[in-house]
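Engineer: One file is attached below, protein_27.cif, containing mmCIF, C-alpha atoms and all ligand atoms.
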```
data_final
#
loop_
_atom_site.group_PDB
_atom_site.id
_atom_site.type_symbol
_atom_site.label_atom_id
_atom_site.label_comp_id
_atom_site.auth_asym_id
_atom_site.auth_seq_id
_atom_site.Cartn_x
_atom_site.Cartn_y
_atom_site.Cartn_z
ATOM 1 C CA MET A 1 -16.354 30.963 2.531
ATOM 2 C CA ALA A 2 -15.299 33.862 0.419
ATOM 3 C CA ASN A 3 -15.578 32.824 -3.191
ATOM 4 C CA SER A 4 -13.192 35.096 -4.977
ATOM 5 C CA ARG A 5 -12.749 35.325 -8.711
ATOM 6 C CA PHE A 6 -9.211 34.049 -8.134
ATOM 7 C CA GLU A 7 -10.284 30.754 -6.753
ATOM 8 C CA TYR A 8 -10.345 28.964 -10.101
ATOM 9 C CA VAL A 9 -6.541 28.634 -9.847
ATOM 10 C CA LYS A 10 -7.108 25.752 -7.444
ATOM 11 C CA ASN A 11 -8.106 23.673 -10.452
ATOM 12 C CA PHE A 12 -4.506 23.744 -11.609
ATOM 13 C CA GLU A 13 -3.554 21.484 -8.705
ATOM 14 C CA LEU A 14 -3.489 18.051 -10.243
ATOM 15 C CA SER A 15 -4.081 14.884 -8.303
ATOM 16 C CA ASP A 16 -0.999 12.832 -7.500
ATOM 17 C CA GLN A 17 -2.744 10.233 -5.405
ATOM 18 C CA LEU A 18 -0.872 6.940 -5.330
ATOM 19 C CA LEU A 19 -2.565 3.696 -6.299
ATOM 20 C CA PRO A 20 -4.589 2.385 -3.340
ATOM 21 C CA ASN A 21 -3.703 -0.843 -1.565
ATOM 22 C CA THR A 22 -0.079 -0.901 -2.735
ATOM 23 C CA TRP A 23 3.148 -0.686 -0.746
ATOM 24 C CA VAL A 24 4.516 2.828 -1.080
ATOM 25 C CA VAL A 25 8.291 3.184 -0.916
ATOM 26 C CA VAL A 26 9.692 6.667 -0.466
ATOM 27 C CA ARG A 27 13.388 6.596 -1.240
ATOM 28 C CA ILE A 28 15.527 9.579 -0.398
ATOM 29 C CA ASP A 29 19.117 10.142 -1.516
ATOM 30 C CA GLY A 30 21.737 12.684 -0.518
ATOM 31 C CA ARG A 31 22.321 15.369 -3.123
ATOM 32 C CA GLY A 32 25.912 15.516 -4.298
ATOM 33 C CA PHE A 33 27.181 13.433 -1.398
ATOM 34 C CA THR A 34 30.390 12.545 -3.223
ATOM 35 C CA LYS A 35 31.379 16.182 -2.785
ATOM 36 C CA PHE A 36 29.760 16.440 0.648
ATOM 37 C CA ALA A 37 31.711 13.387 1.894
ATOM 38 C CA ASN A 38 34.961 14.943 0.703
ATOM 39 C CA LYS A 39 34.193 18.290 2.291
ATOM 40 C CA TYR A 40 33.850 16.681 5.738
ATOM 41 C CA SER A 41 36.586 14.078 5.135
ATOM 42 C CA PHE A 42 34.307 11.058 5.497
ATOM 43 C CA GLU A 43 36.388 7.947 6.006
ATOM 44 C CA LYS A 44 36.692 5.680 2.980
ATOM 45 C CA PRO A 45 35.005 3.469 2.061
ATOM 46 C CA ASN A 46 32.696 3.709 5.099
ATOM 47 C CA ASP A 47 32.368 6.452 7.662
ATOM 48 C CA LYS A 48 30.705 5.067 10.762
ATOM 49 C CA ARG A 49 29.688 8.506 12.048
ATOM 50 C CA ALA A 50 28.016 9.407 8.760
ATOM 51 C CA LEU A 51 26.102 6.126 8.638
ATOM 52 C CA GLU A 52 25.001 6.427 12.254
ATOM 53 C CA LEU A 53 23.810 9.967 11.601
ATOM 54 C CA MET A 54 21.731 8.698 8.657
ATOM 55 C CA ASN A 55 20.319 5.986 10.940
ATOM 56 C CA ALA A 56 19.485 8.427 13.717
ATOM 57 C CA ALA A 57 17.640 10.697 11.284
ATOM 58 C CA ALA A 58 15.777 7.723 9.784
ATOM 59 C CA ARG A 59 14.817 6.533 13.242
ATOM 60 C CA THR A 60 13.115 9.845 14.003
ATOM 61 C CA VAL A 61 11.242 9.686 10.678
ATOM 62 C CA VAL A 62 9.905 6.192 11.460
ATOM 63 C CA THR A 63 9.074 7.267 15.019
ATOM 64 C CA GLU A 64 7.181 10.345 13.883
ATOM 65 C CA ILE A 65 5.302 8.670 11.043
ATOM 66 C CA PRO A 66 3.598 5.520 12.395
ATOM 67 C CA ASP A 67 2.323 4.613 8.906
ATOM 68 C CA ILE A 68 5.917 3.714 7.993
ATOM 69 C CA THR A 69 6.364 0.047 8.772
ATOM 70 C CA ILE A 70 10.053 -0.396 7.957
ATOM 71 C CA ALA A 71 12.986 1.518 6.515
ATOM 72 C CA TYR A 72 16.262 0.409 4.964
ATOM 73 C CA GLY A 73 19.376 2.524 4.557
ATOM 74 C CA VAL A 74 22.740 2.263 2.855
ATOM 75 C CA SER A 75 25.304 4.914 1.872
ATOM 76 C CA ASP A 76 23.509 8.263 1.429
ATOM 77 C CA GLU A 77 20.075 6.734 0.783
ATOM 78 C CA TYR A 78 17.107 5.535 2.795
ATOM 79 C CA SER A 79 13.929 3.724 1.729
ATOM 80 C CA PHE A 80 10.809 4.210 3.843
ATOM 81 C CA VAL A 81 7.963 1.737 3.383
ATOM 82 C CA PHE A 82 4.390 2.885 3.981
ATOM 83 C CA HIS A 83 2.038 0.026 4.706
ATOM 84 C CA LYS A 84 -0.306 -0.797 1.839
ATOM 85 C CA THR A 85 -3.319 0.165 3.963
ATOM 86 C CA SER A 86 -1.936 3.605 4.782
ATOM 87 C CA THR A 87 -4.163 6.533 3.860
ATOM 88 C CA LEU A 88 -1.833 9.229 5.198
ATOM 89 C CA PHE A 89 -2.314 12.524 3.294
ATOM 90 C CA GLU A 90 -4.839 10.682 1.109
ATOM 91 C CA ARG A 91 -1.773 8.952 -0.345
ATOM 92 C CA ARG A 92 -0.753 12.108 -2.183
ATOM 93 C CA ALA A 93 2.779 11.476 -3.478
ATOM 94 C CA SER A 94 4.028 15.039 -3.122
ATOM 95 C CA LYS A 95 2.882 15.298 0.490
ATOM 96 C CA LEU A 96 4.340 11.915 1.462
ATOM 97 C CA VAL A 97 7.683 12.556 -0.242
ATOM 98 C CA SER A 98 8.095 16.143 0.937
ATOM 99 C CA THR A 99 7.212 15.249 4.533
ATOM 100 C CA VAL A 100 9.712 12.390 4.636
ATOM 101 C CA VAL A 101 12.446 14.436 2.962
ATOM 102 C CA SER A 102 12.013 17.504 5.165
ATOM 103 C CA THR A 103 11.677 15.538 8.410
ATOM 104 C CA PHE A 104 14.781 13.530 7.529
ATOM 105 C CA THR A 105 16.818 16.540 6.424
ATOM 106 C CA GLY A 106 15.784 18.563 9.464
ATOM 107 C CA TYR A 107 16.971 15.859 11.845
ATOM 108 C CA TYR A 108 20.122 15.165 9.817
ATOM 109 C CA ILE A 109 21.171 18.764 10.312
ATOM 110 C CA TYR A 110 19.882 18.931 13.896
ATOM 111 C CA LEU A 111 21.843 15.794 14.903
ATOM 112 C CA TRP A 112 24.968 16.562 12.871
ATOM 113 C CA SER A 113 26.985 17.956 15.798
ATOM 114 C CA THR A 114 26.333 14.811 17.868
ATOM 115 C CA TYR A 115 28.115 12.687 15.253
ATOM 116 C CA PHE A 116 30.609 15.277 13.987
ATOM 117 C CA PRO A 117 31.360 17.344 17.093
ATOM 118 C CA ASP A 118 34.610 18.712 15.664
ATOM 119 C CA GLN A 119 33.276 19.776 12.285
ATOM 120 C CA PRO A 120 30.544 22.421 12.295
ATOM 121 C CA LEU A 121 28.246 22.310 9.266
ATOM 122 C CA SER A 122 28.604 25.148 6.798
ATOM 123 C CA ALA A 123 26.752 26.136 3.632
ATOM 124 C CA PRO A 124 25.869 24.564 1.295
ATOM 125 C CA LEU A 125 23.911 22.474 3.812
ATOM 126 C CA PRO A 126 23.131 18.819 3.073
ATOM 127 C CA SER A 127 19.929 18.169 1.150
ATOM 128 C CA PHE A 128 18.084 15.081 -0.089
ATOM 129 C CA ASP A 129 15.919 14.253 -3.069
ATOM 130 C CA GLY A 130 12.987 11.867 -2.825
ATOM 131 C CA ARG A 131 10.617 9.786 -4.918
ATOM 132 C CA ALA A 132 7.640 7.532 -4.252
ATOM 133 C CA VAL A 133 7.115 4.190 -5.961
ATOM 134 C CA CYS A 134 4.143 1.808 -5.531
ATOM 135 C CA TYR A 135 4.712 -1.928 -5.282
ATOM 136 C CA PRO A 136 1.504 -3.897 -5.812
ATOM 137 C CA SER A 137 2.485 -7.243 -4.304
ATOM 138 C CA LEU A 138 4.329 -8.440 -1.257
ATOM 139 C CA GLU A 139 6.723 -10.231 -3.575
ATOM 140 C CA ASN A 140 7.491 -6.943 -5.356
ATOM 141 C CA LEU A 141 8.104 -5.197 -2.046
ATOM 142 C CA ARG A 142 10.361 -7.972 -0.755
ATOM 143 C CA ASP A 143 12.252 -7.927 -4.067
ATOM 144 C CA TYR A 144 12.659 -4.167 -3.772
ATOM 145 C CA MET A 145 14.141 -4.510 -0.279
ATOM 146 C CA SER A 146 16.372 -7.368 -1.460
ATOM 147 C CA TRP A 147 17.522 -5.275 -4.413
ATOM 148 C CA ARG A 148 18.731 -2.508 -2.112
ATOM 149 C CA GLN A 149 20.490 -4.941 0.226
ATOM 150 C CA VAL A 150 22.185 -6.817 -2.606
ATOM 151 C CA ASP A 151 23.335 -3.439 -3.925
ATOM 152 C CA CYS A 152 24.778 -2.682 -0.499
ATOM 153 C CA HIS A 153 26.672 -5.971 -0.480
ATOM 154 C CA ILE A 154 28.053 -5.648 -4.013
ATOM 155 C CA ASN A 155 29.137 -2.031 -3.528
ATOM 156 C CA ASN A 156 30.643 -2.670 -0.118
ATOM 157 C CA LEU A 157 32.681 -5.669 -1.246
ATOM 158 C CA TYR A 158 33.945 -3.653 -4.190
ATOM 159 C CA ASN A 159 34.701 -0.529 -2.141
ATOM 160 C CA THR A 160 36.356 -2.468 0.678
ATOM 161 C CA THR A 161 38.698 -4.172 -1.789
ATOM 162 C CA PHE A 162 39.280 -1.020 -3.832
ATOM 163 C CA TRP A 163 40.313 0.996 -0.781
ATOM 164 C CA ALA A 164 42.404 -1.832 0.657
ATOM 165 C CA LEU A 165 44.409 -1.897 -2.585
ATOM 166 C CA ILE A 166 44.967 1.856 -2.244
ATOM 167 C CA GLN A 167 45.321 2.356 1.514
ATOM 168 C CA LEU A 168 47.131 -0.886 2.359
ATOM 169 C CA GLY A 169 48.528 -1.917 -1.031
ATOM 170 C CA GLY A 170 49.841 1.507 -2.074
ATOM 171 C CA MET A 171 48.079 1.441 -5.467
ATOM 172 C CA SER A 172 46.712 4.470 -7.258
ATOM 173 C CA ALA A 173 42.955 4.671 -7.826
ATOM 174 C CA THR A 174 43.516 3.891 -11.499
ATOM 175 C CA GLU A 175 45.607 0.809 -10.713
ATOM 176 C CA ALA A 176 43.086 -0.433 -8.147
ATOM 177 C CA GLY A 177 40.223 0.082 -10.602
ATOM 178 C CA LYS A 178 42.089 -1.822 -13.302
ATOM 179 C CA GLN A 179 42.861 -4.663 -10.923
ATOM 180 C CA LEU A 180 39.171 -5.055 -10.048
ATOM 181 C CA ASP A 181 37.850 -4.652 -13.575
ATOM 182 C CA GLY A 182 35.812 -7.748 -14.435
ATOM 183 C CA SER A 183 36.570 -9.446 -11.123
ATOM 184 C CA PHE A 184 34.051 -11.711 -9.367
ATOM 185 C CA SER A 185 33.091 -11.712 -5.693
ATOM 186 C CA ALA A 186 35.381 -14.655 -5.052
ATOM 187 C CA ASP A 187 38.324 -12.750 -6.548
ATOM 188 C CA LYS A 188 37.720 -9.786 -4.248
ATOM 189 C CA ASN A 189 37.388 -12.006 -1.201
ATOM 190 C CA GLU A 190 40.677 -13.638 -2.172
ATOM 191 C CA ILE A 191 42.506 -10.345 -2.694
ATOM 192 C CA LEU A 192 41.335 -9.159 0.727
ATOM 193 C CA PHE A 193 42.321 -12.387 2.452
ATOM 194 C CA LYS A 194 45.559 -13.328 0.705
ATOM 195 C CA ARG A 195 47.039 -9.863 0.337
ATOM 196 C CA PHE A 196 45.721 -8.056 3.354
ATOM 197 C CA SER A 197 44.653 -10.853 5.763
ATOM 198 C CA ILE A 198 41.164 -9.354 5.801
ATOM 199 C CA ASN A 199 38.316 -11.832 6.129
ATOM 200 C CA TYR A 200 35.396 -10.002 4.514
ATOM 201 C CA ASN A 201 32.957 -11.971 6.693
ATOM 202 C CA ASN A 202 34.411 -10.248 9.735
ATOM 203 C CA GLU A 203 33.747 -6.746 8.426
ATOM 204 C CA PRO A 204 31.162 -4.812 10.514
ATOM 205 C CA GLU A 205 27.557 -5.800 9.811
ATOM 206 C CA ILE A 206 26.505 -2.169 9.351
ATOM 207 C CA TYR A 207 28.784 -1.989 6.285
ATOM 208 C CA LYS A 208 27.949 -5.424 4.873
ATOM 209 C CA LYS A 209 24.184 -5.397 5.409
ATOM 210 C CA GLY A 210 23.161 -1.754 5.687
ATOM 211 C CA SER A 211 20.633 -0.691 8.326
ATOM 212 C CA VAL A 212 17.037 -1.714 8.997
ATOM 213 C CA VAL A 213 14.762 0.501 11.083
ATOM 214 C CA PHE A 214 11.543 -0.911 12.496
ATOM 215 C CA ARG A 215 9.281 -1.195 15.536
ATOM 216 C CA ASP A 216 10.386 -3.896 17.891
ATOM 217 C CA TYR A 217 8.061 -6.340 19.621
ATOM 218 C CA GLU A 218 8.605 -9.869 20.826
ATOM 219 C CA LEU A 219 10.047 -12.186 18.195
ATOM 220 C CA VAL A 220 7.837 -14.971 16.923
ATOM 221 C CA GLU A 221 9.000 -18.586 16.554
ATOM 222 C CA PRO A 222 9.784 -19.292 12.914
ATOM 223 C CA GLY A 223 7.180 -21.338 11.069
ATOM 224 C CA THR A 224 4.169 -20.266 13.134
ATOM 225 C CA HIS A 225 3.008 -17.458 10.874
ATOM 226 C CA ASN A 226 1.960 -17.171 7.284
ATOM 227 C CA ILE A 227 2.724 -13.575 6.408
ATOM 228 C CA ALA A 228 1.051 -13.596 3.003
ATOM 229 C CA GLN A 229 -2.233 -14.771 4.583
ATOM 230 C CA GLU A 230 -1.968 -12.222 7.323
ATOM 231 C CA VAL A 231 -1.377 -9.376 4.894
ATOM 232 C CA GLU A 232 -4.289 -10.477 2.721
ATOM 233 C CA ARG A 233 -6.581 -10.609 5.760
ATOM 234 C CA ILE A 234 -6.120 -6.916 6.439
ATOM 235 C CA ALA A 235 -5.674 -5.967 2.802
ATOM 236 C CA GLN A 236 -8.783 -3.806 2.701
ATOM 237 C CA PRO A 237 -8.521 -0.808 5.025
ATOM 238 C CA ALA A 238 -12.321 -0.899 5.418
ATOM 239 C CA GLN A 239 -12.038 -4.245 7.174
ATOM 240 C CA LEU A 240 -10.409 -2.550 10.122
ATOM 241 C CA SER A 241 -12.912 -0.692 12.268
ATOM 242 C CA LYS A 242 -12.006 2.928 12.852
ATOM 243 C CA SER A 243 -11.490 2.465 16.591
ATOM 244 C CA GLN A 244 -9.351 -0.620 16.037
ATOM 245 C CA ALA A 245 -7.227 1.317 13.569
ATOM 246 C CA GLU A 246 -6.831 4.090 16.140
ATOM 247 C CA THR A 247 -5.800 1.637 18.878
ATOM 248 C CA ASP A 248 -3.286 -0.011 16.544
ATOM 249 C CA LYS A 249 -1.849 3.355 15.613
ATOM 250 C CA LYS A 250 -1.411 4.273 19.282
ATOM 251 C CA LYS A 251 0.411 1.009 19.944
ATOM 252 C CA ARG A 252 2.708 1.667 17.008
ATOM 253 C CA THR A 253 3.372 5.183 18.232
ATOM 254 C CA LYS A 254 4.450 3.856 21.629
ATOM 255 C CA ALA A 255 6.623 1.026 20.322
ATOM 256 C CA ARG A 256 10.397 1.178 20.457
ATOM 257 C CA VAL A 257 11.990 1.930 17.102
ATOM 258 C CA VAL A 258 15.249 0.052 16.629
ATOM 259 C CA VAL A 259 18.112 0.115 14.131
ATOM 260 C CA GLU A 260 19.596 -3.272 13.231
ATOM 261 C CA HIS A 261 21.913 -4.712 10.608
ATOM 262 C CA LEU A 262 20.191 -7.899 9.533
ATOM 263 C CA ASP A 263 19.610 -9.996 6.433
ATOM 264 C CA ILE A 264 16.282 -8.861 4.992
ATOM 265 C CA ILE A 265 16.554 -10.996 1.854
ATOM 266 C CA LYS A 266 15.831 -14.350 3.517
ATOM 267 C CA ASP A 267 12.357 -15.167 4.905
ATOM 268 C CA ASP A 268 13.555 -15.505 8.497
ATOM 269 C CA PHE A 269 13.656 -11.763 9.237
ATOM 270 C CA TRP A 270 10.049 -11.312 8.084
ATOM 271 C CA ASP A 271 8.719 -14.593 9.503
ATOM 272 C CA ARG A 272 9.915 -13.695 12.973
ATOM 273 C CA ARG A 273 8.395 -10.212 12.816
ATOM 274 C CA PRO A 274 4.922 -10.696 11.363
ATOM 275 C CA TRP A 275 3.788 -7.274 12.570
ATOM 276 C CA LEU A 276 5.999 -5.528 10.006
ATOM 277 C CA LEU A 277 3.925 -6.637 7.042
ATOM 278 C CA SER A 278 0.612 -7.357 8.722
ATOM 279 C CA ASN A 279 0.723 -3.964 10.421
ATOM 280 C CA LYS A 280 -0.846 -5.553 13.536
ATOM 281 C CA PRO A 281 1.120 -4.146 16.475
HETATM 282 P P1 LIG A 301 23.471 12.456 -6.475
HETATM 283 O O1 LIG A 301 22.846 11.449 -5.561
HETATM 284 O O2 LIG A 301 23.157 12.156 -7.912
HETATM 285 O O3 LIG A 301 23.181 13.866 -6.108
HETATM 286 O O4 LIG A 301 25.081 12.290 -6.359
HETATM 287 P P2 LIG A 301 25.926 11.646 -5.183
HETATM 288 O O5 LIG A 301 27.286 12.253 -5.268
HETATM 289 O O6 LIG A 301 25.221 11.756 -3.868
HETATM 290 O O7 LIG A 301 26.057 10.112 -5.621
HETATM 291 P P3 LIG A 301 25.364 8.775 -5.085
HETATM 292 O O8 LIG A 301 24.155 9.034 -4.255
HETATM 293 O O9 LIG A 301 25.172 7.881 -6.265
HETATM 294 O O10 LIG A 301 26.497 8.114 -4.200
HETATM 295 C C1 LIG A 301 26.695 8.382 -2.865
HETATM 296 C C2 LIG A 301 28.031 9.061 -2.649
HETATM 297 O O11 LIG A 301 28.165 9.337 -1.259
HETATM 298 C C3 LIG A 301 29.226 8.215 -3.049
HETATM 299 O O12 LIG A 301 30.036 8.931 -3.932
HETATM 300 C C4 LIG A 301 29.999 7.974 -1.808
HETATM 301 C C5 LIG A 301 29.438 8.958 -0.807
HETATM 302 N N1 LIG A 301 29.346 8.303 0.499
HETATM 303 C C6 LIG A 301 28.257 7.779 1.089
HETATM 304 N N2 LIG A 301 28.590 7.214 2.270
HETATM 305 C C7 LIG A 301 29.905 7.398 2.421
HETATM 306 C C8 LIG A 301 30.852 7.052 3.449
HETATM 307 O O13 LIG A 301 30.513 6.444 4.483
HETATM 308 N N3 LIG A 301 32.157 7.403 3.252
HETATM 309 C C9 LIG A 301 32.551 8.073 2.132
HETATM 310 N N4 LIG A 301 33.831 8.386 2.000
HETATM 311 N N5 LIG A 301 31.693 8.413 1.148
HETATM 312 C C10 LIG A 301 30.401 8.092 1.307
HETATM 313 MG MG MG A 302 21.740 9.590 -7.142
HETATM 314 MG MG MG A 303 23.416 10.838 -3.533
HETATM 315 MG MG MG A 304 23.179 7.359 -3.220
HETATM 316 MG MG MG A 305 -0.843 24.038 5.887
#
```
Kindly present the structure from the file in structure tokens form.

Structural biologist:
Amino acid sequence: MANSRFEYVKNFELSDQLLPNTWVVVRIDGRGFTKFANKYSFEKPNDKRALELMNAAARTVVTEIPDITIAYGVSDEYSFVFHKTSTLFERRASKLVSTVVSTFTGYYIYLWSTYFPDQPLSAPLPSFDGRAVCYPSLENLRDYMSWRQVDCHINNLYNTTFWALIQLGGMSATEAGKQLDGSFSADKNEILFKRFSINYNNEPEIYKKGSVVFRDYELVEPGTHNIAQEVERIAQPAQLSKSQAETDKKKRTKARVVVEHLDIIKDDFWDRRPWLLSNKP
């Protein structure tokens, strides 16, 4: 252990440990994707290839980091949820965020040609920013997830109508924007249906609901589990023996990671998959 006179500089590294026993959400977002989407002529309002590429990259992140219990993606963003008991990297924010961002970005670029075989990537390459936020209660975490999915719904209904007015109705962007100014959901549904015979309900689920990435096990009958109790039971990491924690981690590592387009606002999704929040594989 060479103690050099330079070593004091270590003291400049400040702690960025996240609050223990809270749900950590790392949200990443594409940098300048408005421009990026134009450069590669992403379809408007939704480009299936681009969304599936995001999902494929997110799937590898969840697969490679077993402490992530669920992820939710829409547009150019993805939220990764670390279980409240996770102690990965001693919960240091910078390490968690940078690992998620670089793993995601690496795979996004690596998998690009699978989803865009006719358009080679060129500089400037896509990049993502990231942040970590702690949510102390299950209610806060569920509200966070609901917030993102509601955002997806509101934006998608707006964008679907906006682009229908332009692509099918021959309006300019300004005219379409004016038409939708101050409109309610019902108005947009009506425009789509009456003018363009589009039933919004029949739009693809991936656009309406976004994408959920999680480990898949056998579904549980609704009403047989109390998630809140289950989460509380394992709330203290110390309550899990080290060997049990290791076994659980192995099971999670082996589990199949799936991408689905489901309602995560209602209880049903969570009730039927108690392992997501209890972290018991
Ligand atoms: P930022 O995040 O501040 O660096 O800036 P942006 O430009 O990434 O803005 P943001 O993240 O608020 O919005 C995402 C942009 O990405 C939005 O302008 C539309 C674009 N985008 C995402 N998915 C699609 C898609 O499937 N098709 C098209 N055409 N555009 C998309
Ligand atoms: Mg942004
Ligand atoms: Mg962005
Ligand atoms: Mg965004
Ligand atoms: Mg190192």

Engineer: Could you give me, as a PyMOL selection string, every polymer residue with an atom at most 9 Å away from an atom of ligand MG 303 (chain A), counting all atoms listed in the file?

Structural biologist: chain A and resi 28-34+75-77+128-129

Engineer: Any chance you could tabulate, as a tab-separated table, the residues of chain A at most 12 Å from ligand LIG 301 (chain A) with each one's nearest atom pair and distance in Å to one decimal, using only C-alpha atoms and all ligand atoms, in chain and rising number order?

Structural biologist:
```
residue	atom	partner	partner_atom	distance
A:Arg27	CA	A:LIG301	O8	11.4
A:Ile28	CA	A:LIG301	O1	9.1
A:Asp29	CA	A:LIG301	O1	5.7
A:Gly30	CA	A:LIG301	O6	4.9
A:Arg31	CA	A:LIG301	O3	3.5
A:Gly32	CA	A:LIG301	O3	3.7
A:Phe33	CA	A:LIG301	O6	3.6
A:Thr34	CA	A:LIG301	O12	3.7
A:Lys35	CA	A:LIG301	O5	6.2
A:Phe36	CA	A:LIG301	O11	7.5
A:Ala37	CA	A:LIG301	N5	5.0
A:Asn38	CA	A:LIG301	N4	6.8
A:Lys39	CA	A:LIG301	N4	9.9
A:Tyr40	CA	A:LIG301	N4	9.1
A:Ser41	CA	A:LIG301	N4	7.1
A:Phe42	CA	A:LIG301	N4	4.4
A:Glu43	CA	A:LIG301	N4	4.8
A:Lys44	CA	A:LIG301	N4	4.1
A:Pro45	CA	A:LIG301	N3	5.0
A:Asn46	CA	A:LIG301	O13	3.6
A:Asp47	CA	A:LIG301	O13	3.7
A:Lys48	CA	A:LIG301	O13	6.4
A:Arg49	CA	A:LIG301	O13	7.9
A:Ala50	CA	A:LIG301	O13	5.8
A:Leu51	CA	A:LIG301	O13	6.1
A:Glu52	CA	A:LIG301	O13	9.5
A:Leu53	CA	A:LIG301	O13	10.4
A:Met54	CA	A:LIG301	N2	9.5
A:Gly73	CA	A:LIG301	N2	10.6
A:Val74	CA	A:LIG301	N2	7.7
A:Ser75	CA	A:LIG301	N2	4.0
A:Asp76	CA	A:LIG301	C6	4.8
A:Glu77	CA	A:LIG301	O8	6.9
A:Tyr78	CA	A:LIG301	O8	10.6
A:Pro126	CA	A:LIG301	O6	10.1
A:Ser127	CA	A:LIG301	O3	9.0
A:Phe128	CA	A:LIG301	O3	8.0
A:Asp129	CA	A:LIG301	O1	7.9
A:Gly130	CA	A:LIG301	O1	10.2
A:Asp151	CA	A:LIG301	O9	11.7
A:Cys152	CA	A:LIG301	N2	11.0
A:Asn155	CA	A:LIG301	C4	10.2
A:Asn156	CA	A:LIG301	O13	10.2
A:Asn159	CA	A:LIG301	C4	9.7
A:Thr160	CA	A:LIG301	N3	11.0
A:Trp163	CA	A:LIG301	N4	10.2
A:Ile206	CA	A:LIG301	O13	10.7
A:Tyr207	CA	A:LIG301	O13	8.8
A:Gly210	CA	A:LIG301	N2	11.0
```

Engineer: Give me, as a tab-separated table, each residue of stretch 116-218 of chain A that comes within 10 Å of stretch 262-277 of chain A, together with its shortest interatomic pair and the distance in Å at one decimal, counting all atoms listed in the file, with rows ordered by chain and rising residue number.

Structural biologist:
```
residue	atom	partner	partner_atom	distance
A:Leu138	CA	A:Leu277	CA	8.5
A:Arg142	CA	A:Ile265	CA	7.4
A:Asp143	CA	A:Ile265	CA	7.9
A:Tyr144	CA	A:Ile265	CA	9.7
A:Met145	CA	A:Ile264	CA	7.2
A:Ser146	CA	A:Ile265	CA	4.9
A:Trp147	CA	A:Ile265	CA	8.5
A:Arg148	CA	A:Ile265	CA	9.6
A:Gln149	CA	A:Ile265	CA	7.4
A:Val150	CA	A:Ile265	CA	8.3
A:Glu205	CA	A:Leu262	CA	7.7
A:Ile206	CA	A:Leu262	CA	8.5
A:Lys208	CA	A:Leu262	CA	9.4
A:Lys209	CA	A:Leu262	CA	6.3
A:Gly210	CA	A:Leu262	CA	7.8
A:Ser211	CA	A:Leu262	CA	7.3
A:Val212	CA	A:Leu262	CA	7.0
A:Phe214	CA	A:Leu276	CA	7.6
A:Arg215	CA	A:Leu276	CA	7.8
A:Asp216	CA	A:Arg273	CA	8.3
A:Tyr217	CA	A:Arg273	CA	7.8
A:Glu218	CA	A:Arg273	CA	8.0
```

Engineer: What would the selection look like, as a JSON list (two decimals) with C-alpha atoms, keeping the file's coordinate frame, if the PyMOL selection byres (((chain A and resi 183-194) around 12) and not hetatm) were run on the coordinates I just shared?

Structural biologist:
```
[["chain", "number", "residue", "atom", "x", "y", "z"],
["A", 153, "HIS", "CA", 26.67, -5.97, -0.48],
["A", 154, "ILE", "CA", 28.05, -5.65, -4.01],
["A", 155, "ASN", "CA", 29.14, -2.03, -3.53],
["A", 156, "ASN", "CA", 30.64, -2.67, -0.12],
["A", 157, "LEU", "CA", 32.68, -5.67, -1.25],
["A", 158, "TYR", "CA", 33.94, -3.65, -4.19],
["A", 159, "ASN", "CA", 34.70, -0.53, -2.14],
["A", 160, "THR", "CA", 36.36, -2.47, 0.68],
["A", 161, "THR", "CA", 38.70, -4.17, -1.79],
["A", 162, "PHE", "CA", 39.28, -1.02, -3.83],
["A", 163, "TRP", "CA", 40.31, 1.00, -0.78],
["A", 164, "ALA", "CA", 42.40, -1.83, 0.66],
["A", 165, "LEU", "CA", 44.41, -1.90, -2.58],
["A", 166, "ILE", "CA", 44.97, 1.86, -2.24],
["A", 168, "LEU", "CA", 47.13, -0.89, 2.36],
["A", 169, "GLY", "CA", 48.53, -1.92, -1.03],
["A", 176, "ALA", "CA", 43.09, -0.43, -8.15],
["A", 177, "GLY", "CA", 40.22, 0.08, -10.60],
["A", 178, "LYS", "CA", 42.09, -1.82, -13.30],
["A", 179, "GLN", "CA", 42.86, -4.66, -10.92],
["A", 180, "LEU", "CA", 39.17, -5.06, -10.05],
["A", 181, "ASP", "CA", 37.85, -4.65, -13.58],
["A", 182, "GLY", "CA", 35.81, -7.75, -14.44],
["A", 195, "ARG", "CA", 47.04, -9.86, 0.34],
["A", 196, "PHE", "CA", 45.72, -8.06, 3.35],
["A", 197, "SER", "CA", 44.65, -10.85, 5.76],
["A", 198, "ILE", "CA", 41.16, -9.35, 5.80],
["A", 199, "ASN", "CA", 38.32, -11.83, 6.13],
["A", 200, "TYR", "CA", 35.40, -10.00, 4.51],
["A", 201, "ASN", "CA", 32.96, -11.97, 6.69],
["A", 202, "ASN", "CA", 34.41, -10.25, 9.74],
["A", 203, "GLU", "CA", 33.75, -6.75, 8.43]]
```

Engineer: When you count all atoms listed in the file, which of these residues is closest to A:Arg252: A:Leu111, A:Lys10, A:Lys280, A:Ala2?

Structural biologist: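 Distance minimum relative to A:Arg252 lands on A:Lys280.
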
Engineer: Quick one: pull the distance between atom CA of A:Arg92 and atom CA of A:Leu14, Å, one decimal.

Structural biologist: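 Value for the atom CA of A:Arg92-atom CA of A:Leu14 distance: 10.4 Å.
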
Engineer: Which residues match the PyMOL selection byres (((chain A and resi 58) around 8) and not hetatm) in the file above, as number ranges by chain?

Structural biologist: A: 54-57, 59-62, 71, 78, 104, 213
